[in-house]
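Next comes input_39.txt, with compact mmCIF, C-alpha atoms.
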```txt
# COMPACT_ATOMS: atom_id res chain seq x y z
CA MET A 291 143.15 -2.59 17.95
CA LYS A 292 145.56 -2.88 15.05
CA ALA A 293 148.66 -0.70 14.77
CA GLU A 294 147.38 0.97 11.61
CA ASP A 295 144.15 1.85 13.44
CA ILE A 296 146.10 3.54 16.22
CA LYS A 297 148.04 5.57 13.68
CA LEU A 298 144.86 6.72 11.97
CA ASP A 299 143.34 7.69 15.32
CA GLU A 300 146.42 9.72 16.28
CA ASN A 301 146.21 11.62 13.01
CA LYS A 302 142.52 12.39 13.29
CA ILE A 303 141.90 16.13 13.17
CA TYR A 304 138.12 16.19 12.88
CA CYS A 305 135.24 14.04 14.06
CA ARG A 306 131.51 14.29 14.62
CA PRO A 307 130.62 15.76 18.04
CA THR A 308 129.49 12.95 20.33
CA LEU A 309 126.58 15.08 21.57
CA LEU A 310 124.97 15.10 18.11
CA ASN A 311 122.38 12.33 17.92
CA ASP A 312 122.07 10.04 14.90
CA THR A 313 118.88 11.80 13.85
CA THR A 314 118.38 13.13 10.34
CA MET A 315 118.02 16.90 10.60
CA HIS A 316 114.88 18.46 9.16
CA TYR A 317 116.68 21.59 8.01
CA CYS A 318 116.78 22.39 4.31
CA PRO A 319 120.08 21.71 2.48
CA GLY A 320 122.25 24.80 2.82
CA CYS A 321 120.54 26.04 6.01
CA SER A 322 122.84 27.62 8.59
CA HIS A 323 121.08 25.96 11.54
CA GLY A 324 122.83 22.63 11.06
CA VAL A 325 126.27 24.23 11.26
CA VAL A 326 125.33 26.19 14.38
CA HIS A 327 123.96 23.01 16.00
CA LYS A 328 127.31 21.33 15.38
CA LEU A 329 129.17 24.25 16.97
CA VAL A 330 126.93 24.28 20.04
CA ALA A 331 127.46 20.53 20.49
CA GLU A 332 131.23 20.84 20.04
CA VAL A 333 131.57 23.67 22.53
CA ILE A 334 129.48 21.94 25.21
CA GLU A 335 131.49 18.75 24.72
CA GLU A 336 134.86 20.51 24.81
CA MET A 337 133.87 22.42 27.95
CA GLY A 338 132.83 19.18 29.67
CA GLN A 339 129.31 20.55 30.23
CA LYS A 340 127.20 17.71 28.79
CA ASP A 341 125.54 16.91 32.12
CA ASN A 342 125.42 20.54 33.22
CA ALA A 343 123.88 22.28 30.18
CA ILE A 344 120.24 23.30 29.78
CA GLY A 345 119.06 24.48 26.38
CA VAL A 346 115.76 26.27 25.74
CA ALA A 347 114.25 26.01 22.25
CA PRO A 348 111.01 27.81 21.34
CA VAL A 349 108.82 27.66 18.24
CA GLY A 350 110.46 28.17 14.85
CA CYS A 351 112.92 26.30 12.66
CA ALA A 352 114.95 25.46 15.77
CA VAL A 353 112.01 23.95 17.68
CA PHE A 354 113.40 20.43 17.25
CA ALA A 355 116.89 21.22 18.53
CA TYR A 356 116.32 18.77 21.37
CA ASN A 357 116.19 15.94 18.81
CA TYR A 358 119.74 16.62 17.70
CA ILE A 359 121.89 17.67 20.69
CA ASP A 360 121.99 15.22 23.60
CA ILE A 361 121.62 17.52 26.61
CA ASP A 362 118.74 18.63 28.84
CA TRP A 363 116.24 20.75 26.90
CA ILE A 364 113.13 22.74 27.71
CA GLU A 365 110.67 23.64 24.96
CA ALA A 366 109.30 27.15 25.40
CA ALA A 367 106.25 28.84 23.93
CA HIS A 368 106.89 31.09 20.93
CA GLY A 369 109.17 33.96 21.99
CA ARG A 370 109.33 33.03 25.67
CA ALA A 371 112.71 31.29 25.74
CA PRO A 372 114.56 34.05 27.68
CA ALA A 373 111.85 34.01 30.36
CA VAL A 374 112.03 30.22 30.65
CA ALA A 375 115.82 30.34 30.70
CA THR A 376 115.67 32.96 33.45
CA GLY A 377 113.72 30.56 35.66
CA ALA A 378 116.03 27.63 34.85
CA LYS A 379 119.17 29.63 35.64
CA ARG A 380 117.87 31.19 38.83
CA LEU A 381 116.83 27.77 40.14
CA ASN A 382 120.10 26.19 38.98
CA PRO A 383 122.74 28.93 39.11
CA GLU A 384 125.57 26.44 38.60
CA ARG A 385 124.19 25.25 35.26
CA LEU A 386 125.09 26.42 31.76
CA VAL A 387 121.79 27.82 30.46
CA PHE A 388 121.25 29.05 26.92
CA THR A 389 118.45 29.75 24.45
CA TYR A 390 118.47 28.93 20.75
CA GLN A 391 116.22 31.30 18.79
CA GLY A 392 115.46 32.61 15.32
CA ASP A 393 114.84 36.23 14.34
CA GLY A 394 111.05 35.90 14.08
CA ASP A 395 110.96 34.39 17.56
CA LEU A 396 113.50 36.61 19.32
CA ALA A 397 112.90 39.93 17.58
CA ALA A 398 109.13 39.79 17.05
CA ILE A 399 106.86 37.91 19.45
CA GLY A 400 109.72 37.55 21.94
CA THR A 401 110.99 41.14 21.90
CA ALA A 402 109.78 41.92 25.42
CA GLU A 403 111.18 38.74 26.98
CA THR A 404 114.51 39.23 25.23
CA ILE A 405 114.95 42.88 26.15
CA HIS A 406 113.90 42.52 29.78
CA ALA A 407 115.99 39.40 30.43
CA ALA A 408 119.01 41.15 28.94
CA ASN A 409 118.28 44.38 30.83
CA ARG A 410 118.13 42.42 34.10
CA GLY A 411 121.46 40.84 33.23
CA GLU A 412 120.24 37.27 33.55
CA ASN A 413 123.21 34.92 33.44
CA ILE A 414 122.15 33.16 30.27
CA ALA A 415 123.54 32.89 26.75
CA ILE A 416 121.31 33.61 23.76
CA ILE A 417 122.14 32.00 20.41
CA PHE A 418 120.25 34.02 17.83
CA VAL A 419 120.08 32.90 14.18
CA ASN A 420 119.10 35.81 11.92
CA ASN A 421 118.10 34.78 8.39
CA ALA A 422 115.80 37.77 7.84
CA ILE A 423 112.67 35.70 7.26
CA TYR A 424 110.11 33.44 8.91
CA GLY A 425 111.52 30.23 7.48
CA MET A 426 109.29 27.65 9.19
CA THR A 427 105.88 29.11 8.47
CA GLY A 428 106.14 29.99 4.80
CA GLY A 429 108.71 32.72 4.31
CA GLN A 430 106.89 35.78 5.65
CA MET A 431 108.59 39.10 6.43
CA ALA A 432 110.42 39.16 9.76
CA PRO A 433 111.53 42.16 11.84
CA THR A 434 115.01 41.70 10.36
CA THR A 435 113.91 41.50 6.70
CA LEU A 436 115.90 43.98 4.61
CA ILE A 437 114.45 46.95 2.75
CA GLY A 438 113.46 45.78 -0.73
CA GLN A 439 113.68 42.10 0.23
CA LYS A 440 110.88 39.98 -1.23
CA THR A 441 109.04 37.59 1.07
CA ALA A 442 105.67 35.83 1.07
CA THR A 443 104.10 38.90 2.70
CA THR A 444 106.19 41.51 0.86
CA PRO A 445 106.11 40.19 -2.72
CA TYR A 446 107.27 43.56 -4.08
CA GLY A 447 109.89 44.06 -1.39
CA ARG A 448 109.86 45.51 2.12
CA ARG A 449 108.97 49.20 2.22
CA VAL A 450 109.89 51.60 5.01
CA ASP A 451 106.64 53.58 4.72
CA LEU A 452 104.53 50.42 5.00
CA ASN A 453 106.63 47.96 6.99
CA GLY A 454 109.11 50.08 8.92
CA HIS A 455 112.86 49.63 9.18
CA PRO A 456 114.66 46.34 9.77
CA LEU A 457 115.31 45.83 13.48
CA LYS A 458 118.96 45.62 14.50
CA ILE A 459 118.02 43.93 17.75
CA SER A 460 121.60 43.02 18.74
CA ASN A 461 122.64 46.68 18.55
CA LEU A 462 119.78 47.52 20.87
CA LEU A 463 120.72 44.74 23.30
CA ALA A 464 124.33 45.91 23.35
CA GLU A 465 123.16 49.23 24.82
CA LEU A 466 121.59 47.58 27.86
CA GLU A 467 123.46 47.55 31.18
CA GLY A 468 122.76 43.86 31.77
CA THR A 469 124.53 42.51 28.69
CA CYS A 470 128.20 41.64 29.00
CA TYR A 471 128.87 40.26 25.53
CA VAL A 472 127.05 40.88 22.25
CA THR A 473 128.56 39.74 18.97
CA ARG A 474 127.48 39.14 15.38
CA GLN A 475 129.01 36.27 13.43
CA THR A 476 128.22 33.99 10.49
CA VAL A 477 129.03 30.42 9.40
CA HIS A 478 129.34 30.49 5.60
CA THR A 479 133.12 29.98 5.42
CA PRO A 480 135.58 27.89 7.48
CA ALA A 481 137.13 31.04 8.95
CA ALA A 482 133.69 32.36 9.91
CA VAL A 483 132.82 29.03 11.51
CA ARG A 484 135.90 29.21 13.74
CA LYS A 485 135.03 32.74 14.86
CA ALA A 486 131.42 31.75 15.56
CA LYS A 487 132.57 28.79 17.63
CA ALA A 488 134.84 31.01 19.73
CA ALA A 489 131.96 33.43 20.27
CA ILE A 490 129.62 30.65 21.42
CA ARG A 491 132.23 29.39 23.85
CA LYS A 492 132.75 32.87 25.30
CA ALA A 493 128.99 33.27 25.76
CA PHE A 494 128.75 29.91 27.54
CA GLU A 495 131.69 30.79 29.78
CA ASN A 496 129.90 34.02 30.73
CA SER A 497 126.81 32.06 31.75
CA LEU A 498 128.86 29.86 34.05
CA ALA A 499 130.82 32.81 35.45
CA GLY A 500 127.71 34.89 36.19
CA ASN A 501 128.84 37.84 34.07
CA GLY A 502 125.39 38.76 32.75
CA THR A 503 123.59 38.16 29.48
CA SER A 504 125.50 37.17 26.34
CA VAL A 505 124.05 37.35 22.84
CA VAL A 506 125.60 35.60 19.84
CA GLU A 507 123.82 36.61 16.64
CA ILE A 508 124.54 34.36 13.67
CA VAL A 509 123.71 35.96 10.32
CA GLY A 510 122.43 32.93 8.43
CA THR A 511 120.83 31.86 5.18
CA CYS A 512 117.35 30.57 4.35
CA ASN A 513 117.83 29.45 0.78
CA SER A 514 114.36 27.86 0.58
CA GLY A 515 112.66 30.99 1.91
CA TRP A 516 114.84 33.21 -0.23
CA LYS A 517 114.19 30.88 -3.20
CA LEU A 518 117.90 30.54 -3.97
CA THR A 519 120.34 27.66 -4.20
CA PRO A 520 122.70 27.26 -1.21
CA ASP A 521 125.57 28.85 -3.18
CA GLN A 522 123.37 31.72 -4.34
CA ALA A 523 122.09 32.22 -0.78
CA ASN A 524 125.62 32.54 0.58
CA LYS A 525 126.46 35.08 -2.09
CA TRP A 526 123.24 37.04 -1.45
CA MET A 527 124.01 37.08 2.26
CA GLU A 528 127.52 38.39 1.64
CA GLU A 529 126.26 41.12 -0.70
CA ASN A 530 123.15 42.18 1.22
CA MET A 531 122.86 40.85 4.77
CA ILE A 532 126.39 41.36 6.03
CA PRO A 533 126.69 45.01 4.86
CA PHE A 534 123.51 45.81 6.80
CA TYR A 535 124.35 43.52 9.73
CA PRO A 536 128.15 43.93 9.94
CA LEU A 537 130.08 41.19 11.71
CA GLY A 538 132.11 41.54 14.89
CA ASP A 539 131.74 42.30 18.57
CA LEU A 540 129.17 44.94 19.47
CA LYS A 541 130.03 44.71 23.18
CA ASN A 542 132.65 42.76 25.07
CA ASN A 543 132.64 43.37 28.79
CA SER A 544 132.96 39.77 29.95
CA GLN A 545 135.40 40.25 32.79
CA LYS A 546 134.08 40.61 36.30
```
Using the file provided, produce a representation of the structure as structure tokens.
Amino acid sequence: MKAEDIKLDENKIYCRPTLLNDTTMHYCPGCSHGVVHKLVAEVIEEMGQKDNAIGVAPVGCAVFAYNYIDIDWIEAAHGRAPAVATGAKRLNPERLVFTYQGDGDLAAIGTAETIHAANRGENIAIIFVNNAIYGMTGGQMAPTTLIGQKTATTPYGRRVDLNGHPLKISNLLAELEGTCYVTRQTVHTPAAVRKAKAAIRKAFENSLAGNGTSVVEIVGTCNSGWKLTPDQANKWMEENMIPFYPLGDLKNNSQK
């Protein structure tokens, strides 16, 4: 190695996580999933948990997570990731076990599995990306779709009298005795990315420590489903999503 190479290496402040495979991601440009994948990979790597982590990815935009992050993965049926993660953690209590889910998966078909796993206090971490829409299957209304928001199934906007209220599932989970840490973050600015990374690490540490269920909600964008450019989607999220889904810790009882 040349001297100039050593100097460059010493000054390096950022590099690609080694756990990210050289696979082109299928996510749309501007999608929040890619950033969250990077954070998950970085945290696992920095914690030295590459050979000890088990991720569970169900159906949805995140179904191919196992193609991108080089750890052990289990693919679950739609909505069943917390149940599968429960079995994995109980059989391997020393392992770092987490799910990676979208809002349609976690807060719709998987509502029962999510609530009961959290109520039991299963020692798993749940990474929950909330972009208020079914992104993978055509942009239909999700449980988290905002009032007035237009989707493929609500072309004139979501109505309370017809579609009910948006489901603040993380607020509900924070009320359960089995959850130790519930937080809501986002990844649309560098500062937000740093906070989200710290939240993911805390959730993973809770899984290893046996503190109970941790939930990290990431308020994200779906610019293709929202029919906006990436910049417009970030602005729409700031003006509409974040006021309804305010950021910050909803519960932090991680110490045992």
Around (121.6, 14.1, 25.8), as given in the file, which residues come within 10 Å? Count all atoms listed in the file and list them as number ranges by chain. A: 308-311, 340-341, 343, 356-363
I'd like a table as a Markdown table: residues in range 439-518 of chain A with an atom no more than 6 Å from range 416-430 of chain A, each row giving the shortest atom pair and its distance in Å to one decimal, only C-alpha atoms counted, sorted by chain and rising residue number.
```
| residue | atom | partner | partner_atom | distance |
| --- | --- | --- | --- | --- |
| A:Thr441 | CA | A:Gln430 | CA | 5.4 |
| A:Ala442 | CA | A:Gln430 | CA | 4.7 |
| A:Thr443 | CA | A:Gln430 | CA | 5.1 |
| A:Val505 | CA | A:Ile416 | CA | 4.7 |
| A:Val506 | CA | A:Ile417 | CA | 5.0 |
| A:Glu507 | CA | A:Phe418 | CA | 4.6 |
| A:Ile508 | CA | A:Val419 | CA | 4.7 |
| A:Val509 | CA | A:Asn420 | CA | 4.9 |
| A:Gly510 | CA | A:Asn421 | CA | 4.7 |
| A:Thr511 | CA | A:Asn421 | CA | 5.1 |
| A:Cys512 | CA | A:Asn421 | CA | 5.9 |
| A:Gly515 | CA | A:Gly429 | CA | 4.9 |
```
Identify, on the basis of only C-alpha atoms, every residue whose closest approach to range 373-389 of chain A does not exceed 8 Å; exclude the query and any residue fewer than 6 positions from it along the same chain; express the result as an mmCIF file with C-alpha atoms, in the frame of the given file.
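Here's the written file result.cif:
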```
data_model
loop_
_atom_site.group_PDB
_atom_site.id
_atom_site.type_symbol
_atom_site.label_atom_id
_atom_site.label_comp_id
_atom_site.auth_asym_id
_atom_site.auth_seq_id
_atom_site.Cartn_x
_atom_site.Cartn_y
_atom_site.Cartn_z
ATOM 1 C CA GLN A 339 129.310 20.550 30.230
ATOM 2 C CA ASN A 342 125.420 20.540 33.220
ATOM 3 C CA ALA A 343 123.880 22.280 30.180
ATOM 4 C CA ILE A 344 120.240 23.300 29.780
ATOM 5 C CA GLY A 345 119.060 24.480 26.380
ATOM 6 C CA VAL A 346 115.760 26.270 25.740
ATOM 7 C CA ALA A 347 114.250 26.010 22.250
ATOM 8 C CA ALA A 366 109.300 27.150 25.400
ATOM 9 C CA GLU A 403 111.180 38.740 26.980
ATOM 10 C CA THR A 404 114.510 39.230 25.230
ATOM 11 C CA ALA A 407 115.990 39.400 30.430
ATOM 12 C CA GLU A 412 120.240 37.270 33.550
ATOM 13 C CA ASN A 413 123.210 34.920 33.440
ATOM 14 C CA ILE A 414 122.150 33.160 30.270
ATOM 15 C CA ALA A 415 123.540 32.890 26.750
ATOM 16 C CA ILE A 416 121.310 33.610 23.760
ATOM 17 C CA ILE A 417 122.140 32.000 20.410
ATOM 18 C CA PHE A 494 128.750 29.910 27.540
ATOM 19 C CA SER A 497 126.810 32.060 31.750
ATOM 20 C CA LEU A 498 128.860 29.860 34.050
#
```
Excluding Glu467 in chain A and its own-chain neighbours fewer than 5 positions away, which residues fall within 9 Å of it when counting all atoms listed in the file? Please give them as a ChimeraX atom specification. /A:408-411
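Going from CA of Gly320 in chain A to CA of Lys485 in chain A covers 19.3 Å.
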Could you check the closest approach to Ser504 in chain A for each of A:Asn542, A:Gln391, A:Thr401, A:Gln522 and tell me which residue wins, using all atoms listed in the file? A:Asn542
Residues near Pro348 in chain A, anyone? I mean within 10 Å using all atoms listed in the file, not counting same-chain ones fewer than 5 positions away, as an MDAnalysis selection string. chainID A and resid 353:355 364:372 374 389:392 395:396 400
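With CA of His323 in chain A on one side and CA of Leu518 in chain A on the other, the separation reads 16.5 Å.
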Straight-line distance linking CA of Tyr304 in chain A with CA of Gly338 in chain A, stated in Å to one decimal: 17.9 Å
Which one is closest to Ala499 in chain A: A:Leu462, A:Ile405, A:Met431, A:Cys470? Count only C-alpha atoms.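 When distances to Ala499 in chain A are compared using only C-alpha atoms, the smallest one comes from A:Cys470.
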Measuring atom to atom with only C-alpha atoms, identify which of A:Lys492, A:Arg448, A:Lys525, A:His406 is nearest to Val330 in chain A.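 Comparing A:Lys492, A:Arg448, A:Lys525, A:His406 against Val330 in chain A, the winner is A:Lys492.
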Of the listed residues A:Glu332, A:His327, A:Trp516, A:Thr314, that which approaches Pro445 in chain A most closely, counting all atoms listed in the file: A:Trp516
